[in-house]
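A.B. asks: Dropping in work_14.csv, which is CSV, N, CA and C atoms:
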```csv
chain,number,residue,atom,x,y,z
S,1,MET,N,124.4,26.5,69.9
S,1,MET,CA,125.6,27.0,70.7
S,1,MET,C,125.1,27.6,72.0
S,2,VAL,N,125.8,27.2,73.1
S,2,VAL,CA,125.5,27.8,74.4
S,2,VAL,C,126.2,29.0,74.5
S,3,GLY,N,125.5,30.1,74.7
S,3,GLY,CA,126.3,31.4,74.8
S,3,GLY,C,125.3,32.5,75.1
S,4,LEU,N,125.7,33.7,74.6
S,4,LEU,CA,125.1,34.9,74.9
S,4,LEU,C,124.7,35.6,73.6
S,5,VAL,N,123.6,36.2,73.6
S,5,VAL,CA,123.1,37.0,72.4
S,5,VAL,C,122.7,38.4,72.9
S,6,LEU,N,123.2,39.4,72.3
S,6,LEU,CA,122.9,40.8,72.6
S,6,LEU,C,121.9,41.2,71.5
S,7,PHE,N,120.8,41.7,71.8
S,7,PHE,CA,119.8,42.1,70.8
S,7,PHE,C,118.9,43.2,71.3
S,8,PRO,N,118.3,43.9,70.4
S,8,PRO,CA,117.4,45.0,70.7
S,8,PRO,C,116.1,44.5,71.3
S,9,GLY,N,115.5,45.2,72.3
S,9,GLY,CA,114.3,44.8,72.9
S,9,GLY,C,113.1,45.3,72.1
S,10,ASP,N,113.1,45.1,70.8
S,10,ASP,CA,112.0,45.6,70.0
S,10,ASP,C,111.0,44.6,69.6
S,11,ASP,N,111.1,43.4,70.2
S,11,ASP,CA,110.1,42.3,69.9
S,11,ASP,C,110.1,41.9,68.4
S,12,ASN,N,111.1,42.2,67.7
S,12,ASN,CA,111.2,41.9,66.2
S,12,ASN,C,112.3,40.8,66.0
S,13,ALA,N,111.9,39.6,65.7
S,13,ALA,CA,112.8,38.5,65.6
S,13,ALA,C,113.8,38.7,64.4
S,14,GLY,N,113.4,39.6,63.5
S,14,GLY,CA,114.3,39.9,62.4
S,14,GLY,C,115.3,41.0,62.6
S,15,SER,N,115.3,41.6,63.8
S,15,SER,CA,116.3,42.6,64.1
S,15,SER,C,117.7,42.0,64.2
S,16,PRO,N,118.7,42.8,63.9
S,16,PRO,CA,120.1,42.3,64.0
S,16,PRO,C,120.4,42.0,65.5
S,17,ASP,N,121.3,41.0,65.6
S,17,ASP,CA,121.9,40.7,67.0
S,17,ASP,C,123.3,40.4,66.8
S,18,VAL,N,124.0,40.1,67.9
S,18,VAL,CA,125.4,39.7,67.9
S,18,VAL,C,125.5,38.6,69.0
S,19,SER,N,126.2,37.5,68.7
S,19,SER,CA,126.3,36.4,69.7
S,19,SER,C,127.7,35.9,69.8
S,20,TRP,N,128.0,35.4,71.0
S,20,TRP,CA,129.2,34.8,71.3
S,20,TRP,C,129.0,33.5,72.2
S,21,SER,N,130.0,32.7,72.3
S,21,SER,CA,130.0,31.7,73.4
S,21,SER,C,130.4,32.5,74.6
S,22,TYR,N,130.1,32.0,75.8
S,22,TYR,CA,130.5,32.7,77.0
S,22,TYR,C,132.0,33.0,77.0
S,23,THR,N,132.8,32.0,76.6
S,23,THR,CA,134.2,32.2,76.6
S,23,THR,C,134.6,33.3,75.5
S,24,GLY,N,133.9,33.2,74.4
S,24,GLY,CA,134.2,34.2,73.3
S,24,GLY,C,133.8,35.6,73.8
S,25,PHE,N,132.7,35.8,74.5
S,25,PHE,CA,132.3,37.1,75.0
S,25,PHE,C,133.4,37.6,76.0
S,26,GLY,N,133.9,36.7,76.8
S,26,GLY,CA,135.0,37.1,77.8
S,26,GLY,C,136.2,37.6,77.1
S,27,VAL,N,136.6,36.9,76.0
S,27,VAL,CA,137.8,37.3,75.2
S,27,VAL,C,137.5,38.6,74.6
S,28,PHE,N,136.3,38.8,74.0
S,28,PHE,CA,135.9,40.1,73.4
S,28,PHE,C,136.0,41.2,74.4
S,29,ARG,N,135.5,41.0,75.6
S,29,ARG,CA,135.5,42.1,76.6
S,29,ARG,C,136.9,42.4,77.1
S,30,ARG,N,137.8,41.3,77.2
S,30,ARG,CA,139.2,41.6,77.5
S,30,ARG,C,139.9,42.4,76.5
S,31,TRP,N,139.5,42.2,75.2
S,31,TRP,CA,140.1,43.0,74.1
S,31,TRP,C,139.7,44.4,74.2
S,32,LEU,N,138.4,44.6,74.5
S,32,LEU,CA,137.9,46.0,74.6
S,32,LEU,C,138.5,46.7,75.8
S,33,ALA,N,138.7,46.0,76.9
S,33,ALA,CA,139.3,46.6,78.1
S,33,ALA,C,140.8,47.0,77.8
S,34,GLN,N,141.5,46.1,77.0
S,34,GLN,CA,142.8,46.4,76.6
S,34,GLN,C,142.9,47.6,75.8
S,35,ALA,N,141.9,47.8,74.9
S,35,ALA,CA,141.8,49.0,74.0
S,35,ALA,C,141.6,50.2,74.8
S,36,GLU,N,141.0,50.1,76.0
S,36,GLU,CA,140.8,51.2,76.9
S,36,GLU,C,141.9,51.4,77.9
S,37,GLY,N,143.0,50.5,77.8
S,37,GLY,CA,144.2,50.8,78.6
S,37,GLY,C,144.2,50.1,80.0
S,38,PHE,N,143.4,49.0,80.2
S,38,PHE,CA,143.5,48.3,81.4
S,38,PHE,C,143.2,46.8,81.1
S,39,ALA,N,143.5,46.0,82.1
S,39,ALA,CA,143.3,44.5,82.0
S,39,ALA,C,142.0,44.2,82.7
S,40,LEU,N,141.1,43.6,82.0
S,40,LEU,CA,139.8,43.2,82.6
S,40,LEU,C,140.0,42.2,83.8
S,41,ASP,N,141.0,41.4,83.7
S,41,ASP,CA,141.3,40.4,84.8
S,41,ASP,C,141.7,41.0,86.1
S,42,GLU,N,142.1,42.3,86.1
S,42,GLU,CA,142.5,43.0,87.4
S,42,GLU,C,141.3,43.7,88.0
S,43,MET,N,140.2,43.7,87.3
S,43,MET,CA,139.0,44.4,87.8
S,43,MET,C,138.2,43.6,88.7
S,44,TYR,N,137.5,44.3,89.7
S,44,TYR,CA,136.6,43.6,90.6
S,44,TYR,C,135.5,42.9,89.8
S,45,GLY,N,135.2,41.7,90.2
S,45,GLY,CA,134.2,40.9,89.5
S,45,GLY,C,134.8,40.0,88.4
S,46,PHE,N,136.1,40.3,88.1
S,46,PHE,CA,136.7,39.5,87.0
S,46,PHE,C,138.0,38.9,87.5
S,47,GLY,N,138.1,38.7,88.8
S,47,GLY,CA,139.2,38.0,89.5
S,47,GLY,C,140.2,39.0,90.1
S,48,GLY,N,140.0,40.2,89.9
S,48,GLY,CA,140.9,41.2,90.5
S,48,GLY,C,140.3,42.0,91.6
S,49,GLN,N,141.0,42.9,92.1
S,49,GLN,CA,140.5,43.8,93.2
S,49,GLN,C,140.3,45.2,92.8
S,50,ARG,N,140.7,45.6,91.6
S,50,ARG,CA,140.6,47.0,91.2
S,50,ARG,C,139.2,47.4,91.0
S,51,PRO,N,138.8,48.5,91.7
S,51,PRO,CA,137.4,49.0,91.6
S,51,PRO,C,137.1,49.6,90.2
S,52,TRP,N,135.9,49.5,89.7
S,52,TRP,CA,135.5,50.1,88.5
S,52,TRP,C,135.6,51.6,88.5
S,53,SER,N,135.6,52.2,89.7
S,53,SER,CA,135.7,53.7,89.8
S,53,SER,C,137.1,54.1,89.4
S,54,ASP,N,138.1,53.2,89.4
S,54,ASP,CA,139.5,53.5,89.0
S,54,ASP,C,139.7,53.7,87.5
S,55,VAL,N,138.7,53.3,86.7
S,55,VAL,CA,138.9,53.4,85.2
S,55,VAL,C,137.8,54.4,84.7
S,56,SER,N,138.2,55.0,83.6
S,56,SER,CA,137.3,56.0,83.0
S,56,SER,C,137.0,55.6,81.6
S,57,THR,N,135.9,54.9,81.3
S,57,THR,CA,135.6,54.5,79.9
S,57,THR,C,134.0,54.5,79.8
S,58,THR,N,133.6,54.9,78.7
S,58,THR,CA,132.1,54.9,78.4
S,58,THR,C,131.7,53.4,78.2
S,59,LEU,N,132.6,52.5,78.1
S,59,LEU,CA,132.3,51.1,77.8
S,59,LEU,C,132.0,50.3,79.1
S,60,THR,N,132.1,51.0,80.3
S,60,THR,CA,131.9,50.3,81.6
S,60,THR,C,130.6,49.5,81.6
S,61,PRO,N,129.4,50.1,81.2
S,61,PRO,CA,128.2,49.3,81.3
S,61,PRO,C,128.2,47.9,80.5
S,62,LEU,N,129.0,47.9,79.5
S,62,LEU,CA,129.2,46.6,78.7
S,62,LEU,C,130.2,45.7,79.3
S,63,LEU,N,131.3,46.3,79.8
S,63,LEU,CA,132.4,45.6,80.3
S,63,LEU,C,132.1,45.0,81.7
S,64,ASP,N,131.5,45.8,82.5
S,64,ASP,CA,131.1,45.4,83.9
S,64,ASP,C,129.7,44.9,84.0
S,65,HIS,N,129.4,43.9,83.2
S,65,HIS,CA,128.0,43.3,83.1
S,65,HIS,C,128.1,41.8,83.2
S,66,SER,N,127.2,41.3,84.0
S,66,SER,CA,127.2,39.8,84.2
S,66,SER,C,126.8,39.2,82.8
S,67,ASP,N,127.4,38.0,82.6
S,67,ASP,CA,127.0,37.3,81.4
S,67,ASP,C,125.6,36.9,81.3
S,68,ASP,N,125.0,36.5,82.5
S,68,ASP,CA,123.6,36.1,82.5
S,68,ASP,C,122.9,37.1,83.4
S,69,GLY,N,121.8,37.5,82.9
S,69,GLY,CA,120.9,38.4,83.7
S,69,GLY,C,121.6,39.8,83.8
S,70,GLY,N,121.3,40.4,85.0
S,70,GLY,CA,121.8,41.7,85.1
S,70,GLY,C,120.9,42.7,84.4
S,71,PRO,N,121.1,44.0,84.6
S,71,PRO,CA,120.2,44.9,83.9
S,71,PRO,C,120.5,45.0,82.4
S,72,ASP,N,119.4,45.3,81.7
S,72,ASP,CA,119.6,45.5,80.3
S,72,ASP,C,120.2,46.9,80.2
S,73,LEU,N,120.8,47.2,79.0
S,73,LEU,CA,121.4,48.5,78.8
S,73,LEU,C,120.3,49.4,78.2
S,74,THR,N,120.2,50.6,78.8
S,74,THR,CA,119.2,51.5,78.3
S,74,THR,C,119.6,52.3,77.0
S,75,PRO,N,118.7,52.9,76.3
S,75,PRO,CA,119.1,53.6,75.1
S,75,PRO,C,120.2,54.7,75.4
S,76,PRO,N,120.1,55.5,76.6
S,76,PRO,CA,121.2,56.4,76.9
S,76,PRO,C,122.5,55.7,77.1
S,77,GLN,N,122.5,54.6,77.7
S,77,GLN,CA,123.8,53.8,77.9
S,77,GLN,C,124.3,53.4,76.5
S,78,CYS,N,123.4,52.9,75.7
S,78,CYS,CA,123.8,52.5,74.3
S,78,CYS,C,124.4,53.7,73.6
S,79,ALA,N,123.8,54.9,73.7
S,79,ALA,CA,124.3,56.1,73.1
S,79,ALA,C,125.7,56.5,73.6
S,80,ALA,N,125.9,56.2,74.9
S,80,ALA,CA,127.2,56.6,75.5
S,80,ALA,C,128.3,55.6,75.0
S,81,ILE,N,128.0,54.4,74.8
S,81,ILE,CA,128.9,53.3,74.4
S,81,ILE,C,129.3,53.5,72.9
S,82,LEU,N,128.3,53.8,72.1
S,82,LEU,CA,128.4,53.8,70.6
S,82,LEU,C,129.7,54.5,70.1
S,83,PRO,N,129.9,55.8,70.4
S,83,PRO,CA,131.0,56.5,69.8
S,83,PRO,C,132.4,55.9,70.1
S,84,ARG,N,132.6,55.4,71.3
S,84,ARG,CA,133.9,54.8,71.6
S,84,ARG,C,134.0,53.5,70.8
S,85,LEU,N,133.0,52.7,70.8
S,85,LEU,CA,133.0,51.4,70.0
S,85,LEU,C,133.3,51.7,68.6
S,86,LYS,N,132.7,52.7,68.0
S,86,LYS,CA,133.0,53.0,66.6
S,86,LYS,C,134.4,53.4,66.4
S,87,GLU,N,134.9,54.2,67.4
S,87,GLU,CA,136.3,54.6,67.3
S,87,GLU,C,137.3,53.4,67.3
S,88,ILE,N,137.0,52.5,68.2
S,88,ILE,CA,137.9,51.3,68.3
S,88,ILE,C,137.8,50.5,67.0
S,89,THR,N,136.6,50.3,66.4
S,89,THR,CA,136.5,49.5,65.2
S,89,THR,C,137.0,50.2,64.0
S,90,GLY,N,137.1,51.6,64.1
S,90,GLY,CA,137.6,52.3,62.9
S,90,GLY,C,139.1,52.3,62.7
S,91,ARG,N,139.8,51.8,63.8
S,91,ARG,CA,141.3,51.8,63.6
S,91,ARG,C,141.7,50.8,62.6
S,92,ARG,N,142.7,51.1,61.8
S,92,ARG,CA,143.2,50.2,60.8
S,92,ARG,C,144.6,49.7,61.2
S,93,PRO,N,144.7,48.4,61.6
S,93,PRO,CA,146.0,47.9,62.0
S,93,PRO,C,146.9,47.8,60.8
S,94,GLU,N,148.2,48.0,61.0
S,94,GLU,CA,149.2,47.9,59.9
S,94,GLU,C,149.4,46.5,59.5
S,95,GLY,N,149.7,46.2,58.3
S,95,GLY,CA,150.0,44.9,57.8
S,95,GLY,C,148.9,43.9,57.8
S,96,SER,N,149.3,42.6,57.9
S,96,SER,CA,148.3,41.6,57.9
S,96,SER,C,147.6,41.6,59.3
S,97,ILE,N,146.4,41.2,59.3
S,97,ILE,CA,145.6,41.2,60.5
S,97,ILE,C,145.4,39.8,61.1
S,98,ASP,N,145.6,39.7,62.3
S,98,ASP,CA,145.4,38.4,63.1
S,98,ASP,C,143.9,38.0,62.9
S,99,PRO,N,143.6,36.8,62.6
S,99,PRO,CA,142.2,36.3,62.5
S,99,PRO,C,141.3,36.6,63.7
S,100,LEU,N,141.9,36.5,64.9
S,100,LEU,CA,141.1,36.7,66.1
S,100,LEU,C,140.8,38.2,66.3
S,101,LEU,N,141.8,39.1,65.9
S,101,LEU,CA,141.6,40.5,65.9
S,101,LEU,C,140.5,40.9,64.9
S,102,GLN,N,140.5,40.3,63.8
S,102,GLN,CA,139.5,40.5,62.8
S,102,GLN,C,138.1,40.1,63.3
S,103,ARG,N,138.1,39.0,64.0
S,103,ARG,CA,136.8,38.6,64.6
S,103,ARG,C,136.3,39.6,65.6
S,104,HIS,N,137.2,40.1,66.4
S,104,HIS,CA,136.8,41.1,67.4
S,104,HIS,C,136.2,42.3,66.7
S,105,ILE,N,136.9,42.8,65.7
S,105,ILE,CA,136.5,44.0,65.0
S,105,ILE,C,135.1,43.7,64.3
S,106,ASP,N,135.0,42.6,63.7
S,106,ASP,CA,133.7,42.2,63.1
S,106,ASP,C,132.6,42.2,64.1
S,107,ASP,N,132.8,41.6,65.3
S,107,ASP,CA,131.8,41.5,66.3
S,107,ASP,C,131.5,42.9,66.8
S,108,ALA,N,132.5,43.7,67.0
S,108,ALA,CA,132.3,45.1,67.5
S,108,ALA,C,131.4,45.9,66.5
S,109,ARG,N,131.7,45.7,65.2
S,109,ARG,CA,130.9,46.4,64.2
S,109,ARG,C,129.5,45.9,64.2
S,110,GLN,N,129.3,44.6,64.4
S,110,GLN,CA,127.9,44.1,64.5
S,110,GLN,C,127.2,44.7,65.7
S,111,LEU,N,127.9,44.8,66.8
S,111,LEU,CA,127.4,45.4,68.0
S,111,LEU,C,127.0,46.9,67.8
S,112,VAL,N,127.8,47.6,67.0
S,112,VAL,CA,127.5,48.9,66.7
S,112,VAL,C,126.1,49.0,66.0
S,113,VAL,N,125.9,48.1,65.0
S,113,VAL,CA,124.6,48.1,64.3
S,113,VAL,C,123.5,47.9,65.3
S,114,VAL,N,123.6,46.9,66.3
S,114,VAL,CA,122.6,46.6,67.2
S,114,VAL,C,122.4,47.8,68.2
S,115,LEU,N,123.5,48.5,68.6
S,115,LEU,CA,123.3,49.6,69.5
S,115,LEU,C,122.6,50.8,68.8
S,116,GLN,N,122.9,51.0,67.5
S,116,GLN,CA,122.3,52.1,66.7
S,116,GLN,C,120.8,51.8,66.6
S,117,LEU,N,120.4,50.5,66.4
S,117,LEU,CA,119.0,50.2,66.4
S,117,LEU,C,118.3,50.5,67.7
S,118,CYS,N,119.0,50.1,68.8
S,118,CYS,CA,118.4,50.3,70.1
S,118,CYS,C,118.1,51.8,70.3
S,119,ILE,N,119.1,52.6,69.9
S,119,ILE,CA,119.0,54.1,70.0
S,119,ILE,C,117.8,54.6,69.2
S,120,GLU,N,117.8,54.2,67.9
S,120,GLU,CA,116.8,54.7,67.0
S,120,GLU,C,115.4,54.3,67.4
S,121,LYS,N,115.2,53.1,67.9
S,121,LYS,CA,113.9,52.6,68.3
S,121,LYS,C,113.6,52.9,69.8
S,122,ASP,N,114.6,53.5,70.5
S,122,ASP,CA,114.4,53.8,71.9
S,122,ASP,C,114.0,52.5,72.7
S,123,VAL,N,114.8,51.5,72.5
S,123,VAL,CA,114.6,50.2,73.2
S,123,VAL,C,115.9,49.8,73.9
S,124,ASP,N,115.8,49.0,74.9
S,124,ASP,CA,116.9,48.5,75.7
S,124,ASP,C,117.7,47.5,74.8
S,125,LEU,N,119.0,47.3,75.2
S,125,LEU,CA,119.8,46.3,74.7
S,125,LEU,C,119.7,45.1,75.6
S,126,LEU,N,119.2,44.0,75.1
S,126,LEU,CA,118.9,42.8,76.0
S,126,LEU,C,120.1,41.8,75.9
S,127,PHE,N,120.4,41.2,77.0
S,127,PHE,CA,121.3,40.1,77.1
S,127,PHE,C,120.6,38.8,77.3
S,128,GLY,N,120.7,37.9,76.3
S,128,GLY,CA,119.9,36.7,76.4
S,128,GLY,C,120.7,35.5,76.0
```
Do you think you could lay out the structure here as structure tokens?

C.D. replies:
Amino acid sequence: MVGLVLFPGDDNAGSPDVSWSYTGFGVFRRWLAQAEGFALDEMYGFGGQRPWSDVSTTLTPLLDHSDDGGPDLTPPQCAAILPRLKEITGRRPEGSIDPLLQRHIDDARQLVVVLQLCIEKDVDLLFG
């Protein structure tokens, strides 16, 4: 699969990771932005003109990150993202759940595991 893998920089091939196609990561980030009350497509760098300083979310380092390269996320950034991501994944939708929504929740929960490991081991979250 051509895509993106987020993983802890602990040099342990057995550590948990989370992966998406580039398209899938874009859809995931749009879902997170929507949960934060704004449309990712209106943001600077994603086709829009709205500056990131206009939004207030601890998820900004994850949302406003290039797919390839860019800085790794530091343990303090991971620690800032973690509580909000847990809050989003802890919501229980009413009734039957859309398969795509379930996938987003599952991916976010996996990302929570990876972020927790980065914090515990004091290593960066790598984008590869």

A.B. asks: By how many Å are atom C of S:His65 and atom C of S:Ile97 apart?

C.D. replies: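 Atom-to-atom, atom C of S:His65 to atom C of S:Ile97, that is 28.1 Å.
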
A.B. asks: Identify which of the residues S:Asp17, S:Leu4, S:Leu59, S:Arg91 lies closest to S:Gln110, counting only C-alpha atoms when measuring atom-to-atom distances.

C.D. replies: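 Selected residue with least distance to S:Gln110: S:Asp17.
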
A.B. asks: Choose the residue, out of S:Gly9, S:Gly3, S:Ile81, S:Lys86, that has the smallest atom-to-atom separation from S:Ser21; count all atoms listed in the file.

C.D. replies: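 Under the stated criterion, the closest residue is S:Gly3.
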
A.B. asks: Using atom CA of S:Ile105 and atom N of S:Tyr22 as the two end points, give the distance in Å to one decimal.

C.D. replies: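 Going from atom CA of S:Ile105 over to atom N of S:Tyr22, I get 17.4 Å.
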
A.B. asks: Taking the DSSP secondary structure from the backbone, can you list the residues of chain S that are strand (DSSP E), as a list in words?

C.D. replies: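 The strand (DSSP E) residues within chain S come out as Gly3, Leu4, Val5, Leu6, Phe7, Pro8, Val18, Ser19, Trp20, Ser21, Leu125, Leu126 and Phe127 of chain S.
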
A.B. asks: Mind checking DSSP for chain S and telling me the alpha helix (DSSP H) residues as a ChimeraX atom specification?

C.D. replies: /S:22-35,60-63,75-90,99-121

A.B. asks: Which of these, S:Gly128, S:Val123, S:Arg84, S:Ser56, has the shortest distance to S:Asp11 once you count only C-alpha atoms?

C.D. replies: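 Ranked by minimum distance to S:Asp11, first place goes to S:Val123.
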
A.B. asks: Find, counting only C-alpha atoms, the residue in S:Val27, S:Leu126, S:Leu101, S:Leu40 that gets nearest to S:Cys78.

C.D. replies: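 Looking only at the distances to S:Cys78, the closest residue turns out to be S:Leu126.
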
A.B. asks: Quick check, in Å to one decimal: how far apart do atom N of S:Phe38 and atom C of S:Val55 lie?

C.D. replies: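 Separation of atom N of S:Phe38 and atom C of S:Val55: 9.0 Å.
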
A.B. asks: Please enclose the listed atoms of stretch 34-42 of chain S in an axis-aligned box, pad each side by 4 Å, and write out the centre and the three edge lengths in Å, rounded to one decimal, as AutoDock Vina command-line options.

C.D. replies:
```
--center_x 142.0 --center_y 45.9 --center_z 81.0 --size_x 12.4 --size_y 19.0 --size_z 22.0
```

A.B. asks: Starting from the sparse input, extend stretch 72-83 of chain S to N, CA, C and O atoms and give the output as a PDB file, in the coordinates of the input.

C.D. replies:
```pdb
ATOM      1  N   ASP S  72     119.400  45.300  81.700  1.00  0.00           N
ATOM      2  CA  ASP S  72     119.600  45.500  80.300  1.00  0.00           C
ATOM      3  C   ASP S  72     120.200  46.900  80.200  1.00  0.00           C
ATOM      4  O   ASP S  72     120.198  47.697  81.085  1.00  0.00           O
ATOM      5  N   LEU S  73     120.800  47.200  79.000  1.00  0.00           N
ATOM      6  CA  LEU S  73     121.400  48.500  78.800  1.00  0.00           C
ATOM      7  C   LEU S  73     120.300  49.400  78.200  1.00  0.00           C
ATOM      8  O   LEU S  73     119.686  49.057  77.206  1.00  0.00           O
ATOM      9  N   THR S  74     120.200  50.600  78.800  1.00  0.00           N
ATOM     10  CA  THR S  74     119.200  51.500  78.300  1.00  0.00           C
ATOM     11  C   THR S  74     119.600  52.300  77.000  1.00  0.00           C
ATOM     12  O   THR S  74     120.825  52.277  76.736  1.00  0.00           O
ATOM     13  N   PRO S  75     118.700  52.900  76.300  1.00  0.00           N
ATOM     14  CA  PRO S  75     119.100  53.600  75.100  1.00  0.00           C
ATOM     15  C   PRO S  75     120.200  54.700  75.400  1.00  0.00           C
ATOM     16  O   PRO S  75     121.123  54.833  74.659  1.00  0.00           O
ATOM     17  N   PRO S  76     120.100  55.500  76.600  1.00  0.00           N
ATOM     18  CA  PRO S  76     121.200  56.400  76.900  1.00  0.00           C
ATOM     19  C   PRO S  76     122.500  55.700  77.100  1.00  0.00           C
ATOM     20  O   PRO S  76     123.549  56.263  76.695  1.00  0.00           O
ATOM     21  N   GLN S  77     122.500  54.600  77.700  1.00  0.00           N
ATOM     22  CA  GLN S  77     123.800  53.800  77.900  1.00  0.00           C
ATOM     23  C   GLN S  77     124.300  53.400  76.500  1.00  0.00           C
ATOM     24  O   GLN S  77     125.508  53.463  76.289  1.00  0.00           O
ATOM     25  N   CYS S  78     123.400  52.900  75.700  1.00  0.00           N
ATOM     26  CA  CYS S  78     123.800  52.500  74.300  1.00  0.00           C
ATOM     27  C   CYS S  78     124.400  53.700  73.600  1.00  0.00           C
ATOM     28  O   CYS S  78     125.468  53.552  72.915  1.00  0.00           O
ATOM     29  N   ALA S  79     123.800  54.900  73.700  1.00  0.00           N
ATOM     30  CA  ALA S  79     124.300  56.100  73.100  1.00  0.00           C
ATOM     31  C   ALA S  79     125.700  56.500  73.600  1.00  0.00           C
ATOM     32  O   ALA S  79     126.480  57.024  72.854  1.00  0.00           O
ATOM     33  N   ALA S  80     125.900  56.200  74.900  1.00  0.00           N
ATOM     34  CA  ALA S  80     127.200  56.600  75.500  1.00  0.00           C
ATOM     35  C   ALA S  80     128.300  55.600  75.000  1.00  0.00           C
ATOM     36  O   ALA S  80     129.454  56.029  74.779  1.00  0.00           O
ATOM     37  N   ILE S  81     128.000  54.400  74.800  1.00  0.00           N
ATOM     38  CA  ILE S  81     128.900  53.300  74.400  1.00  0.00           C
ATOM     39  C   ILE S  81     129.300  53.500  72.900  1.00  0.00           C
ATOM     40  O   ILE S  81     130.434  53.263  72.507  1.00  0.00           O
ATOM     41  N   LEU S  82     128.300  53.800  72.100  1.00  0.00           N
ATOM     42  CA  LEU S  82     128.400  53.800  70.600  1.00  0.00           C
ATOM     43  C   LEU S  82     129.700  54.500  70.100  1.00  0.00           C
ATOM     44  O   LEU S  82     130.415  53.964  69.295  1.00  0.00           O
ATOM     45  N   PRO S  83     129.900  55.800  70.400  1.00  0.00           N
ATOM     46  CA  PRO S  83     131.000  56.500  69.800  1.00  0.00           C
ATOM     47  C   PRO S  83     132.400  55.900  70.100  1.00  0.00           C
ATOM     48  O   PRO S  83     133.190  55.777  69.146  1.00  0.00           O
TER      49      PRO S  83
END
```
